[in-house]
Structures are given as C-alpha cells and as structure tokens.
Amino acid sequence: MPYVHLVVEHAFKGITETKLKMQQGSSGGDCSFVFEKQERYLIYAWYDNETKQLHTNICTRSRPLKYAADDLDYLRGIGGPSRGTRLSGSVIRYDYQEIGRSSTPELMSGVKVMADGGNDRHFEAVTNSEGFYRMLNLPPGRYRVTAEIPSYLSLAYDKEVAVEVVKDGCASADFFTRTDGRISGVLFDNRGRVTPDIDVDLIPFELADRLGDRGIGRFKKTDAAGRFEFTELTPGRYLIGVNIRQEPEGDNPFRRTFYPGVSSVSQAKVIVLGTGEKLRGYDFRLPAPLPVQTISGVFVWPDGTPVTRGLITLKDEAGGSLDFAEPDSQGRFTLKAINGTKGSVYGSVMVRVESGLDVIEANPVRVISNSNVGPIKLIASRKAKGGVTIIR
C-alpha cells in the first residue's frame, strides 16, 4: 500500500514528531483514508504495535481541515477553563452530481440552528463562515435540534436531531443538506392508462451520447397512479424517459422513449431546471409494449433434490443481466425476456462448508426467448469462484 508524507502543524495529543508517514488509501472500498496533495487535515489516529506506525481510516473523524471547525473548536478548548455544557455542529450542503455521482461539500453560513429542551429551554445560534455553530452553558437535559435551511434545499437525513447534554459535557448535531430541485409527472401506456411499477430514467442532457449506460443518471419507479418524481436535483438540463439508461427488458418491455413521447434524442424535450425549482406536469405516453416471453425451469442438485435458496440469472450475450429469480420450494423458477432475446440462464447457490461458505453453480444453458423455448433444467454441480472464508 502506498504512503503519504505529512507535515505536522499542531499535535493535540500523543505525538511530538513534526513529520509523519501514513498509509495512503485508494478509495477502493477498503475503508482506507485518501489524502490529497496540498490539503490540510485534522487527523484522528491510533498506533499499531505490529507495524510501528500511526493509522487512520474513514470511520474516524479524520477529515479535511476546512470541514473540521467543530472539532477544532473543541480541541483548542481542552485544558482551558471549563465552559460548562456545549452543543455544537456544522451545516453542510452535499449535492449529488449526476455526472459521475461525485459531490463537493459546501459549508453553509448564516443558517439558524435551534435547540428546544422544553420548559422554556430554547437556544439559538447561527452558523459562521465555516458552517459551524456553537451553544454554551445549556442546562443539562434532552434537546431537539433543528435547522432553518433555505427553501431551495432539503435535509438529506433527519429533520431534527435528538441529543442529550450532560453536566460539563458536550453534544454534537450536524445537518447535511442538498439542493432540492424536482421534476415530476405521470406515465401512461399507449391506451392512455396510468402505468404503475415502471422505471422512469433521468440523465443530464450533456450525457446524451451515453444512452444505455446504467452508470449515469438515476431512475424512479412509478407508483400505483403512474406518478414519478425526481428529487434533490441540482440546476441543469435533463432528459427523462423510459429505457434511456438500459435496453428494454422483460419487466420494462418498451422501446426507448423520451419525454414528450418520442423515440430519438433529436426530438426529445430538454428540461431546464433552476436552483431548487419544482417542475410538474411532465406527463408522457409509452408506445405499445414489446412482446415478452416467459422462460421457466427447475434448479436441482445432482441427486435431483430441488435447490431452494439459490439465484437464477438471465444474461444477454454480452454478459449483462436481464432478469433474475429465486427458486421456489420445488426448485422452480420463471424469467421474463423480450421476444427474440439471445442469452444464457445461470444458477448459483451458497452452501456451508467447514471453512465458511462456498458458491456452487450450474453449467449455464443458452436460450432464445421465443415461443419454442421449453422448460430448462439447471444442475448445481460445480464449485465456483467466490464464497466466504471464516478467519479464526
């Protein structure tokens, strides 16, 4: 694992060194901390007796210094005169970015934060330029903490935070907000009836050259009345439609369709969304559904007993998943696919072994979904890659 070299500006506790070497993460899902060049950090670390090094990870409160105003305020007060009880926190805007789904936090200044403890125990503070607020000398007890955020934002998590403030102790309540632009409408079928349980896609217009890419944009499933609504959108230009992020499938058997009910990007209506704007009435109609075939079969062990807790997957010739199912108590399953789809049906199941769990799979069966496709049989007969090993 690579290392990063750090210059220590101030050590609050535990070290006297002015330079450190720490492991550098890769943001690959291993919980390691990723350092950026020329960035300043507040680091919470521990010493590993085996490696003889300091370590940190993303589960600590280590963070870029610009987002650590609350922690710094507390740490700088350690060892000083007692300030009684303390309630503090930050208000941060953390928007989705549809291009790559990355986000850049923004510290929110001028936001009023209120702590209500009942019995006339009501306190207020306003966030400073670092998005930080602080309330001192509150009577001990339980408080409901809320924030007055601008109307173009929404709270990403709880609308209020319950905290317990103890005598001479501290409590923290942070608020994360997002720009809350919205686009909503109703989806109809080719006969004018509302269509429930259908995925409606949204992508930035700038990514219209990446149609069929599930890695961009987002989707919403229509409710029982055919309604859909995309929330927490940032300002920009958007396209909405059905099957614009993927190809038609058995559960979504419609040709690619863009609002207001057209089949090509050149005819599509580009939706321009302002900051926090709530756009309604983007109703559109789908074409007639494509014909769908059902593929049925059974998943069994080599001795013929049914596999009852496995996973059946239908994949196209490129390896993309089209449908999946779980076998019933008799090992039976059904899959759906657009008529004429060529692909293979896979079966896998996890079994207990002495070392943990192994994956057992069946030889895949090639299929063409048409009226001639008959019941297929999958036999769980070979060990596959994967599984779980118990480390003792």
# chains A, B, ... in the order shown; residues from 1 in each chain; ligands from 1

$ closest_atom_pairs --of "range 273-300 of chain A" --to "range 361-368 of chain A" --cutoff "10 Å" --atoms "only C-alpha atoms" --output "tab-separated table"
residue	atom	partner	partner_atom	distance
A:Gln293	CA	A:Ile368	CA	9.7
A:Ile295	CA	A:Val367	CA	8.7
A:Phe299	CA	A:Ala362	CA	8.5
A:Val300	CA	A:Ala362	CA	9.1

$ write_last_selection --atoms "C-alpha atoms" --output "PDB file, in the first residue's frame"
ATOM      1  CA  GLN A 293     -41.685 -14.460 -23.393  1.00  0.00           C
ATOM      2  CA  ILE A 295     -38.655 -18.817 -19.583  1.00  0.00           C
ATOM      3  CA  PHE A 299     -32.856 -25.789 -10.346  1.00  0.00           C
ATOM      4  CA  VAL A 300     -31.751 -29.046  -8.687  1.00  0.00           C
TER       5      VAL A 300
END

$ select_by_dssp --residues "range 114-316 of chain A" --states "strand (DSSP E)" --output "count of residues only"
94

$ residues_around --residues "range 120-128 of chain A" --least-positions-apart "5" --cutoff "9 Å" --atoms "only C-alpha atoms" --output "list of chain:residue names"
A:Gly89, A:Ser90, A:Val91, A:Met108, A:Ser109, A:Gly110, A:Val111, A:Lys112, A:Val113, A:Met114, A:Ala115, A:Tyr133, A:Arg134, A:Met135, A:Leu138, A:Pro139, A:Tyr143

$ atom_distance --atom1 "CA of Asp95 in chain A" --atom2 "CA of Glu232 in chain A"
7.7 Å

$ closest_residue --among "A:Val265, A:Ala147, A:Gly212, A:Val272" --to "Arg182 in chain A" --atoms "only C-alpha atoms"
A:Val272

$ closest_residue --among "A:Arg86, A:Arg332, A:Arg93, A:Lys383" --to "Leu311 in chain A" --atoms "only C-alpha atoms"
A:Arg332

$ residues_around --residues "range 35-47 of chain A" --least-positions-apart "4" --cutoff "7 Å" --atoms "only C-alpha atoms" --output "list in words"
Gln24, Lys52, Gln53, Leu54, His55, Thr56, Thr60, Arg61, Ser62, Arg63, Pro64, Leu65 and Ala68 of chain A

$ select_by_dssp --residues "range 26-126 of chain A" --states "helix (DSSP H, G or I)" --output "PyMOL selection string"
chain A and resi 65-67+69-77

$ atom_distance --atom1 "CA of Gly310 in chain A" --atom2 "CA of Asn370 in chain A"
25.2 Å

$ residues_around --residues "Leu107 in chain A" --least-positions-apart "2" --cutoff "6 Å" --atoms "only C-alpha atoms" --output "ChimeraX atom specification"
/A:92,130-131

$ closest_residue --among "A:Asp158, A:Asp223, A:Asp201, A:Glu317" --to "Val145 in chain A" --atoms "only C-alpha atoms"
A:Asp158

$ atom_distance --atom1 "CA of Pro327 in chain A" --atom2 "CA of Ile360 in chain A"
14.8 Å

$ residues_around --residues "Gly274 in chain A" --least-positions-apart "2" --cutoff "10 Å" --atoms "only C-alpha atoms" --output "ChimeraX atom specification"
/A:152,181-182,233-237,271-272,276-279

$ residues_around --residues "range 248-263 of chain A" --least-positions-apart "6" --cutoff "10 Å" --atoms "only C-alpha atoms" --output "JSON, numbers by chain"
{"A": [187, 188, 189, 190, 197, 198, 199, 200, 201, 202, 211, 212, 239, 240, 241, 242, 269, 270, 271, 282, 283, 284, 285, 286, 287, 288, 289, 290, 291, 292, 293, 294, 321, 322, 323, 335, 336, 337, 338, 339, 341]}

$ closest_residue --among "A:Gly374, A:Gly387, A:Pro196, A:Gly25" --to "Ala224 in chain A" --atoms "only C-alpha atoms"
A:Pro196

$ decode --residues "range 158-260 of chain A" --atoms "C-alpha atoms" --output "mmCIF file, in the first residue's frame"
data_model
loop_
_atom_site.group_PDB
_atom_site.id
_atom_site.type_symbol
_atom_site.label_atom_id
_atom_site.label_comp_id
_atom_site.auth_asym_id
_atom_site.auth_seq_id
_atom_site.Cartn_x
_atom_site.Cartn_y
_atom_site.Cartn_z
ATOM 1 C CA ASP A 158 -33.336 13.706 9.858
ATOM 2 C CA LYS A 159 -35.268 16.962 10.068
ATOM 3 C CA GLU A 160 -34.351 17.131 13.732
ATOM 4 C CA VAL A 161 -31.627 15.600 15.875
ATOM 5 C CA ALA A 162 -32.240 14.448 19.464
ATOM 6 C CA VAL A 163 -29.257 14.969 21.777
ATOM 7 C CA GLU A 164 -28.507 14.552 25.470
ATOM 8 C CA VAL A 165 -26.438 17.309 27.075
ATOM 9 C CA VAL A 166 -24.847 16.281 30.377
ATOM 10 C CA LYS A 167 -23.348 18.488 33.077
ATOM 11 C CA ASP A 168 -19.977 19.878 31.955
ATOM 12 C CA GLY A 169 -20.262 17.691 28.839
ATOM 13 C CA CYS A 170 -20.751 18.250 25.142
ATOM 14 C CA ALA A 171 -23.055 17.093 22.372
ATOM 15 C CA SER A 172 -22.989 17.425 18.600
ATOM 16 C CA ALA A 173 -25.687 17.787 15.953
ATOM 17 C CA ASP A 174 -24.720 18.107 12.290
ATOM 18 C CA PHE A 175 -27.048 18.815 9.379
ATOM 19 C CA PHE A 176 -26.452 17.754 5.780
ATOM 20 C CA THR A 177 -28.494 19.443 3.090
ATOM 21 C CA ARG A 178 -28.943 19.064 -0.649
ATOM 22 C CA THR A 179 -30.230 21.336 -3.381
ATOM 23 C CA ASP A 180 -33.782 20.131 -3.906
ATOM 24 C CA GLY A 181 -34.783 20.725 -7.498
ATOM 25 C CA ARG A 182 -37.615 18.426 -8.608
ATOM 26 C CA ILE A 183 -39.117 17.067 -11.820
ATOM 27 C CA SER A 184 -42.367 15.085 -11.695
ATOM 28 C CA GLY A 185 -45.024 13.706 -13.977
ATOM 29 C CA VAL A 186 -47.300 10.781 -14.807
ATOM 30 C CA LEU A 187 -46.555 7.883 -17.155
ATOM 31 C CA PHE A 188 -49.320 6.488 -19.415
ATOM 32 C CA ASP A 189 -49.427 3.427 -21.646
ATOM 33 C CA ASN A 190 -50.312 3.530 -25.353
ATOM 34 C CA ARG A 191 -54.032 3.377 -24.460
ATOM 35 C CA GLY A 192 -53.880 6.311 -22.071
ATOM 36 C CA ARG A 193 -53.931 4.277 -18.862
ATOM 37 C CA VAL A 194 -51.574 5.035 -15.989
ATOM 38 C CA THR A 195 -48.670 2.588 -15.776
ATOM 39 C CA PRO A 196 -47.508 1.561 -12.286
ATOM 40 C CA ASP A 197 -44.215 -0.113 -11.411
ATOM 41 C CA ILE A 198 -42.253 1.086 -14.474
ATOM 42 C CA ASP A 199 -38.764 2.612 -14.225
ATOM 43 C CA VAL A 200 -38.507 6.190 -15.493
ATOM 44 C CA ASP A 201 -34.942 7.351 -16.206
ATOM 45 C CA LEU A 202 -33.314 10.770 -15.843
ATOM 46 C CA ILE A 203 -29.924 11.747 -17.287
ATOM 47 C CA PRO A 204 -28.125 15.076 -17.795
ATOM 48 C CA PHE A 205 -28.514 16.264 -21.386
ATOM 49 C CA GLU A 206 -24.721 16.511 -21.564
ATOM 50 C CA LEU A 207 -24.570 12.702 -21.326
ATOM 51 C CA ALA A 208 -26.987 12.005 -24.180
ATOM 52 C CA ASP A 209 -24.136 10.303 -26.042
ATOM 53 C CA ARG A 210 -24.096 7.565 -23.371
ATOM 54 C CA LEU A 211 -27.570 6.125 -23.829
ATOM 55 C CA GLY A 212 -27.856 2.608 -22.438
ATOM 56 C CA ASP A 213 -25.284 3.241 -19.690
ATOM 57 C CA ARG A 214 -26.683 2.311 -16.273
ATOM 58 C CA GLY A 215 -23.776 4.145 -14.628
ATOM 59 C CA ILE A 216 -25.218 7.588 -15.364
ATOM 60 C CA GLY A 217 -28.244 9.441 -14.080
ATOM 61 C CA ARG A 218 -30.881 7.768 -11.930
ATOM 62 C CA PHE A 219 -34.306 6.155 -12.097
ATOM 63 C CA LYS A 220 -37.627 6.267 -10.263
ATOM 64 C CA LYS A 221 -40.308 3.586 -10.307
ATOM 65 C CA THR A 222 -43.840 4.830 -10.960
ATOM 66 C CA ASP A 223 -46.345 4.416 -8.128
ATOM 67 C CA ALA A 224 -49.823 2.874 -8.308
ATOM 68 C CA ALA A 225 -51.123 6.028 -10.040
ATOM 69 C CA GLY A 226 -48.292 6.096 -12.590
ATOM 70 C CA ARG A 227 -46.613 9.058 -10.887
ATOM 71 C CA PHE A 228 -42.874 9.642 -10.677
ATOM 72 C CA GLU A 229 -40.801 12.375 -9.052
ATOM 73 C CA PHE A 230 -37.058 13.048 -9.104
ATOM 74 C CA THR A 231 -35.840 14.996 -6.072
ATOM 75 C CA GLU A 232 -32.598 16.603 -4.868
ATOM 76 C CA LEU A 233 -31.625 17.702 -8.376
ATOM 77 C CA THR A 234 -29.057 20.418 -8.998
ATOM 78 C CA PRO A 235 -29.628 23.104 -11.655
ATOM 79 C CA GLY A 236 -29.073 21.888 -15.178
ATOM 80 C CA ARG A 237 -30.529 20.425 -18.345
ATOM 81 C CA TYR A 238 -32.108 16.983 -18.176
ATOM 82 C CA LEU A 239 -33.722 14.291 -20.291
ATOM 83 C CA ILE A 240 -36.343 11.931 -18.893
ATOM 84 C CA GLY A 241 -37.756 8.814 -20.461
ATOM 85 C CA VAL A 242 -38.055 5.046 -20.294
ATOM 86 C CA ASN A 243 -35.145 2.710 -21.095
ATOM 87 C CA ILE A 244 -32.711 5.515 -21.833
ATOM 88 C CA ARG A 245 -30.201 4.074 -19.317
ATOM 89 C CA GLN A 246 -30.649 0.442 -20.424
ATOM 90 C CA GLU A 247 -32.126 -1.732 -23.134
ATOM 91 C CA PRO A 248 -35.748 -2.957 -22.949
ATOM 92 C CA GLU A 249 -36.206 -5.903 -20.554
ATOM 93 C CA GLY A 250 -38.982 -8.250 -19.576
ATOM 94 C CA ASP A 251 -40.087 -6.049 -16.672
ATOM 95 C CA ASN A 252 -39.763 -2.850 -18.768
ATOM 96 C CA PRO A 253 -40.808 -4.059 -22.256
ATOM 97 C CA PHE A 254 -40.878 -0.717 -24.061
ATOM 98 C CA ARG A 255 -38.793 0.773 -26.810
ATOM 99 C CA ARG A 256 -36.574 3.660 -25.730
ATOM 100 C CA THR A 257 -38.881 6.620 -25.233
ATOM 101 C CA PHE A 258 -38.087 10.231 -24.317
ATOM 102 C CA TYR A 259 -40.395 12.910 -22.965
ATOM 103 C CA PRO A 260 -42.809 14.000 -24.507
#
